[in-house]
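Structure first, commentary second.
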Amino acid sequence: MRASSTEPSLFAKRVRRIAMIVHLIDGTYELFRHFYGQRRFNNGQDKPFGAVVGVLNTVLEMIENGATHVGVATDHVIESFRNQLWPGYKTGDGIEPALLAQFHPLEDALAAMGVAVWPMIELEADDALASAAHSAAADGRVQKVCIWTPDKDLAQCVRGDRVVQVDRRTQKIRDAAGIREKFGVEPAMIPDFLALVGDAADGYPGLEGIGPVSAARLLGRYGPLESFPPEALGKRRELALLFKNLATLRTDARLFDNIEELRWHGPTKAFERCVIQLNDARLLTRALKAHRC
């Protein structure tokens with residue numbers, strides 16, 4: 001299945017008929033998406049929990065459309081072990097206080113809604129998604145794993161058409177063929193690719209003078225960075241390997257012991273109090289209705 005313009009919500013309806021689909025959601029991305037999406041309409045008057053409510057509505061819509069096994073990863077702390085490896089790596093500096101203040105309430109609200117949530121501290125949300133995808137794909141009961149994020153680094157987790165990346169922003173679903181079409185390399189070589197071209201969102205620049213086309217050409221010729229001949233990168237080889245380490249997502253985070261821990265069983269009793277705090281009682285109504293269905 002190549003990258004397509006399939007509506008993600010329709011994708012959820014379609015896969016409902018398949019045995020077990022695991023949906024892994026980038027909660028940090030979704031929080032940013034809703035926060036700045038609402039900014040277009042609120043004239044800068046941010047609601048204290050507006051983005052939280054937006055993310056909950058998104059997750060509920062997925063459940064209403066047939067998602068049964070759902071996990072959400074968040075950056076409980078923006079900094080991670082990678083900040084010790086590269087001084088320019090992304091931090092929480094510059095994140096608007098009104099947005100930053102909604103991270104922990106989102107985690108609490110998701111848990112109250114009965115959704116598996118993984119607040120990451122030493123690792124990043126992307127590492128949690130990679131780890132969850134790795135564990136879920138290893139379970140024979142799982143037919144497909146959908147990673148809901150547009151982040152380039154998560155492309156390394158795609159495997160055939162069993163583990164796919166869903167870009168809600170562009171309405172595209174990418175399997176391994178779609179990743180090759182977009183980046184010019186296999187999913188497993190995305191860390192090598194990002195090491196060469198850099199990732200501005202994560203704060204490392206890549207190697208000067210190497211763009212996406214030349215990076216894909218080099219990797220197609222030599223394979224992973226470790227296989228490059230000395231003259232290919234010269235003195236920049238060690239820097240490239242450092243960037244590859246930054247780009248390589250960890251897959252060994254212990255997030256769940258059984259895939260059934262991701263099955264949604266409806267909201268907890270705490271969700272009633274939660275929606276009062278969020279000032280949106282419709283969330284509870286929708287969650288209860290989705291559970292009955």
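Ordering of the structure tokens sets the chain letters (A, B, ...), residue numbers begin anew at 1 in every chain, and ligands are numbered from 1 in the order given.
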>> Quick one: residues within 12 Å of Leu246 in chain A, only C-alpha atoms, excluding same-chain residues fewer than 2 positions away - as a ChimeraX atom specification?
In response: /A:80-90,123-124,126-127,153,190-196,198-199,202-206,239-244,248-250
Test item: residues at most 6 Å from range 102-113 of chain A, only C-alpha atoms, excluding those fewer than 2 positions along its chain, as an mmCIF file with N, CA and C atoms, in the first residue's frame:
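Saved to selection-v5.cif:
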data_model
loop_
_atom_site.group_PDB
_atom_site.id
_atom_site.type_symbol
_atom_site.label_atom_id
_atom_site.label_comp_id
_atom_site.auth_asym_id
_atom_site.auth_seq_id
_atom_site.Cartn_x
_atom_site.Cartn_y
_atom_site.Cartn_z
ATOM 1 N N VAL A 52 -6.160 20.109 25.206
ATOM 2 C CA VAL A 52 -6.438 18.812 25.836
ATOM 3 C C VAL A 52 -7.769 18.262 25.326
ATOM 4 N N LEU A 99 0.700 26.354 26.325
ATOM 5 C CA LEU A 99 0.761 25.012 25.742
ATOM 6 C C LEU A 99 1.449 24.049 26.688
ATOM 7 N N LEU A 100 2.575 24.442 27.230
ATOM 8 C CA LEU A 100 3.334 23.573 28.127
ATOM 9 C C LEU A 100 2.494 23.147 29.333
ATOM 10 N N VAL A 115 -7.630 5.301 28.427
ATOM 11 C CA VAL A 115 -6.699 5.073 27.326
ATOM 12 C C VAL A 115 -5.296 4.839 27.882
ATOM 13 N N PRO A 267 -14.471 4.660 29.743
ATOM 14 C CA PRO A 267 -13.915 5.631 30.694
ATOM 15 C C PRO A 267 -13.937 5.097 32.119
ATOM 16 N N THR A 268 -12.999 5.571 32.927
ATOM 17 C CA THR A 268 -12.986 5.224 34.341
ATOM 18 C C THR A 268 -13.947 6.150 35.091
ATOM 19 N N ALA A 270 -13.150 8.214 37.236
ATOM 20 C CA ALA A 270 -12.509 9.522 37.392
ATOM 21 C C ALA A 270 -12.794 10.457 36.223
ATOM 22 N N PHE A 271 -13.261 9.912 35.103
ATOM 23 C CA PHE A 271 -13.467 10.749 33.925
ATOM 24 C C PHE A 271 -14.608 11.741 34.126
#
>> I need the residue nearest Ala132 in chain A from this list: A:Thr251, A:Asn279, A:Thr285, A:Thr149. Use only C-alpha atoms for the distance.
In response: A:Thr251
>> My list of candidates is A:Lys47, A:Arg180, A:His69, A:Arg40. Which is closest to Ala136 in chain A when distances are computed with only C-alpha atoms?
In response: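 For Ala136 in chain A, the nearest of the given residues is A:His69.
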>> as a PyMOL selection string, please: every residue in range 77-127 of chain A that DSSP puts in helix (DSSP H, G or I).
In response: chain A and resi 81-84+97-100+103-112+125-127
With N, CA and C atoms retained, export the selected residues as a JSON list (two decimals), in the first residue's frame.
[["chain", "number", "residue", "atom", "x", "y", "z"],
["A", 81, "PHE", "N", 17.69, 12.00, 27.23],
["A", 81, "PHE", "CA", 19.12, 11.63, 27.27],
["A", 81, "PHE", "C", 19.87, 12.23, 26.08],
["A", 82, "ARG", "N", 19.17, 12.53, 24.99],
["A", 82, "ARG", "CA", 19.84, 13.07, 23.80],
["A", 82, "ARG", "C", 20.42, 14.46, 24.04],
["A", 83, "ASN", "N", 19.88, 15.18, 25.01],
["A", 83, "ASN", "CA", 20.43, 16.50, 25.32],
["A", 83, "ASN", "C", 21.85, 16.42, 25.87],
["A", 84, "GLN", "N", 22.20, 15.25, 26.43],
["A", 84, "GLN", "CA", 23.56, 15.06, 26.92],
["A", 84, "GLN", "C", 24.53, 14.72, 25.79],
["A", 97, "PRO", "N", 3.98, 28.97, 27.42],
["A", 97, "PRO", "CA", 3.50, 28.48, 28.72],
["A", 97, "PRO", "C", 2.09, 27.92, 28.68],
["A", 98, "ALA", "N", 1.22, 28.54, 27.89],
["A", 98, "ALA", "CA", -0.17, 28.07, 27.79],
["A", 98, "ALA", "C", -0.26, 26.68, 27.18],
["A", 99, "LEU", "N", 0.70, 26.35, 26.32],
["A", 99, "LEU", "CA", 0.76, 25.01, 25.74],
["A", 99, "LEU", "C", 1.45, 24.05, 26.69],
["A", 100, "LEU", "N", 2.58, 24.44, 27.23],
["A", 100, "LEU", "CA", 3.33, 23.57, 28.13],
["A", 100, "LEU", "C", 2.49, 23.15, 29.33],
["A", 103, "PHE", "N", 0.37, 19.70, 29.04],
["A", 103, "PHE", "CA", 0.93, 18.36, 28.86],
["A", 103, "PHE", "C", 0.47, 17.41, 29.96],
["A", 104, "HIS", "N", 0.67, 17.78, 31.21],
["A", 104, "HIS", "CA", 0.32, 16.88, 32.30],
["A", 104, "HIS", "C", -1.19, 16.69, 32.44],
["A", 105, "PRO", "N", -2.01, 17.74, 32.29],
["A", 105, "PRO", "CA", -3.45, 17.52, 32.28],
["A", 105, "PRO", "C", -3.91, 16.58, 31.18],
["A", 106, "LEU", "N", -3.25, 16.61, 30.02],
["A", 106, "LEU", "CA", -3.61, 15.68, 28.96],
["A", 106, "LEU", "C", -3.35, 14.25, 29.39],
["A", 107, "GLU", "N", -2.20, 14.00, 29.99],
["A", 107, "GLU", "CA", -1.88, 12.65, 30.44],
["A", 107, "GLU", "C", -2.91, 12.16, 31.46],
["A", 108, "ASP", "N", -3.28, 13.02, 32.40],
["A", 108, "ASP", "CA", -4.28, 12.64, 33.40],
["A", 108, "ASP", "C", -5.64, 12.37, 32.77],
["A", 109, "ALA", "N", -6.00, 13.20, 31.79],
["A", 109, "ALA", "CA", -7.31, 13.07, 31.15],
["A", 109, "ALA", "C", -7.39, 11.79, 30.32],
["A", 110, "LEU", "N", -6.32, 11.46, 29.62],
["A", 110, "LEU", "CA", -6.31, 10.23, 28.83],
["A", 110, "LEU", "C", -6.43, 9.01, 29.73],
["A", 111, "ALA", "N", -5.70, 9.01, 30.83],
["A", 111, "ALA", "CA", -5.79, 7.89, 31.77],
["A", 111, "ALA", "C", -7.19, 7.77, 32.33],
["A", 112, "ALA", "N", -7.81, 8.91, 32.66],
["A", 112, "ALA", "CA", -9.17, 8.89, 33.19],
["A", 112, "ALA", "C", -10.17, 8.39, 32.15],
["A", 125, "ALA", "N", 8.70, 10.74, 23.56],
["A", 125, "ALA", "CA", 7.46, 10.13, 23.09],
["A", 125, "ALA", "C", 7.71, 9.28, 21.84],
["A", 126, "ASP", "N", 8.60, 9.75, 20.97],
["A", 126, "ASP", "CA", 8.92, 8.99, 19.76],
["A", 126, "ASP", "C", 9.54, 7.64, 20.10],
["A", 127, "ASP", "N", 10.35, 7.58, 21.14],
["A", 127, "ASP", "CA", 10.92, 6.30, 21.58],
["A", 127, "ASP", "C", 9.83, 5.38, 22.09]]
> Any idea what's packed within 12 Å of Arg39 in chain A, counting only C-alpha atoms, ignoring anything in its chain fewer than 5 positions away? Could you give it as an MDAnalysis selection string?
Replying inline: chainID A and resid 32:34 44:47 50:51 98:99
>> Please determine, counting only C-alpha atoms, which residue among A:Glu96, A:Asp257, A:Glu208, A:Glu186 has the shortest atom-to-atom distance to Gly223 in chain A.
In response: A:Glu186
As a tab-separated table (two decimals) with N, CA, C and O atoms, in the first residue's frame, which residues of range 56-285 of chain A does DSSP assign to strand (DSSP E or B)?
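Below is the file that was written, part.tsv:
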chain	number	residue	atom	x	y	z
A	69	HIS	N	-7.65	-0.98	20.20
A	69	HIS	CA	-6.40	-1.00	20.95
A	69	HIS	C	-5.64	0.29	20.66
A	69	HIS	O	-5.20	0.52	19.53
A	70	VAL	N	-5.51	1.12	21.68
A	70	VAL	CA	-4.98	2.47	21.50
A	70	VAL	C	-3.95	2.77	22.59
A	70	VAL	O	-4.16	2.46	23.77
A	71	GLY	N	-2.85	3.38	22.19
A	71	GLY	CA	-1.85	3.87	23.14
A	71	GLY	C	-1.39	5.25	22.72
A	71	GLY	O	-1.24	5.52	21.53
A	72	VAL	N	-1.19	6.13	23.69
A	72	VAL	CA	-0.77	7.51	23.42
A	72	VAL	C	0.53	7.78	24.16
A	72	VAL	O	0.63	7.53	25.37
A	73	ALA	N	1.52	8.29	23.45
A	73	ALA	CA	2.81	8.65	24.06
A	73	ALA	C	2.93	10.16	24.15
A	73	ALA	O	2.54	10.89	23.23
A	74	THR	N	3.46	10.65	25.27
A	74	THR	CA	3.64	12.08	25.48
A	74	THR	C	5.03	12.35	26.03
A	74	THR	O	5.67	11.47	26.61
A	75	ASP	N	5.48	13.58	25.85
A	75	ASP	CA	6.74	14.02	26.44
A	75	ASP	C	6.43	14.67	27.79
A	75	ASP	O	6.15	15.86	27.85
A	116	ALA	N	-4.58	3.87	27.33
A	116	ALA	CA	-3.20	3.64	27.74
A	116	ALA	C	-2.36	4.86	27.35
A	116	ALA	O	-2.36	5.27	26.19
A	117	VAL	N	-1.66	5.43	28.31
A	117	VAL	CA	-0.86	6.63	28.05
A	117	VAL	C	0.53	6.42	28.64
A	117	VAL	O	0.68	5.88	29.74
A	118	TRP	N	1.55	6.86	27.89
A	118	TRP	CA	2.93	6.67	28.31
A	118	TRP	C	3.63	8.02	28.39
A	118	TRP	O	4.14	8.54	27.40
A	119	PRO	N	3.70	8.62	29.59
A	119	PRO	CA	4.42	9.89	29.77
A	119	PRO	C	5.91	9.62	29.89
A	119	PRO	O	6.35	8.99	30.83
A	120	MET	N	6.68	10.13	28.95
A	120	MET	CA	8.10	9.79	28.89
A	120	MET	C	8.95	10.86	29.57
A	120	MET	O	8.66	12.06	29.47
A	144	LYS	N	-2.07	-5.37	12.26
A	144	LYS	CA	-1.48	-4.15	11.74
A	144	LYS	C	-1.23	-3.19	12.90
A	144	LYS	O	-1.99	-3.16	13.87
A	145	VAL	N	-0.16	-2.39	12.76
A	145	VAL	CA	0.16	-1.34	13.72
A	145	VAL	C	0.17	-0.02	12.95
A	145	VAL	O	0.86	0.12	11.94
A	146	CYS	N	-0.60	0.94	13.44
A	146	CYS	CA	-0.69	2.27	12.82
A	146	CYS	C	-0.08	3.29	13.76
A	146	CYS	O	-0.55	3.45	14.89
A	147	ILE	N	0.97	3.98	13.30
A	147	ILE	CA	1.62	5.01	14.09
A	147	ILE	C	1.14	6.36	13.58
A	147	ILE	O	1.46	6.76	12.46
A	148	TRP	N	0.40	7.08	14.40
A	148	TRP	CA	-0.24	8.32	13.99
A	148	TRP	C	0.65	9.51	14.31
A	148	TRP	O	0.58	10.08	15.39
A	159	ARG	N	7.31	-1.19	8.70
A	159	ARG	CA	7.74	-2.52	8.26
A	159	ARG	C	6.69	-3.06	7.27
A	159	ARG	O	5.58	-3.41	7.65
A	163	VAL	N	3.42	-2.53	9.73
A	163	VAL	CA	3.57	-1.34	10.56
A	163	VAL	C	3.60	-0.14	9.62
A	163	VAL	O	4.52	-0.02	8.80
A	164	VAL	N	2.60	0.73	9.72
A	164	VAL	CA	2.49	1.86	8.80
A	164	VAL	C	2.44	3.17	9.59
A	164	VAL	O	2.16	3.19	10.79
A	165	GLN	N	2.75	4.24	8.88
A	165	GLN	CA	2.73	5.58	9.46
A	165	GLN	C	1.54	6.33	8.88
A	165	GLN	O	1.38	6.39	7.65
A	166	VAL	N	0.72	6.91	9.75
A	166	VAL	CA	-0.45	7.66	9.30
A	166	VAL	C	-0.20	9.13	9.58
A	166	VAL	O	-0.01	9.53	10.73
A	167	ASP	N	-0.22	9.92	8.51
A	167	ASP	CA	-0.02	11.37	8.62
A	167	ASP	C	-1.39	12.04	8.56
A	167	ASP	O	-1.98	12.18	7.49
A	172	LYS	N	-2.44	10.91	4.63
A	172	LYS	CA	-1.76	9.84	3.92
A	172	LYS	C	-1.34	8.72	4.87
A	172	LYS	O	-1.02	8.96	6.03
A	173	ILE	N	-1.34	7.53	4.34
A	173	ILE	CA	-0.88	6.33	5.04
A	173	ILE	C	0.33	5.81	4.29
A	173	ILE	O	0.25	5.59	3.08
A	174	ARG	N	1.45	5.63	4.98
A	174	ARG	CA	2.66	5.20	4.30
A	174	ARG	C	3.14	3.85	4.84
A	174	ARG	O	3.43	3.71	6.02
A	199	ASP	N	17.76	17.29	11.11
A	199	ASP	CA	16.35	17.40	11.50
A	199	ASP	C	16.19	18.67	12.33
A	199	ASP	O	16.53	18.70	13.52
A	204	TYR	N	19.39	19.16	15.31
A	204	TYR	CA	20.73	18.83	14.81
A	204	TYR	C	20.76	19.08	13.30
A	204	TYR	O	19.79	18.80	12.59
A	263	ARG	N	-6.27	-2.41	25.03
A	263	ARG	CA	-7.69	-2.45	24.67
A	263	ARG	C	-8.46	-1.42	25.49
A	263	ARG	O	-8.30	-1.34	26.71
>> Between A:Ala101, A:Ile25, A:Leu207, A:Ile276, which residue has the minimum interatomic distance to Lys235 in chain A, considering only C-alpha atoms?
In response: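 The answer is A:Leu207, which sits nearest to Lys235 in chain A.
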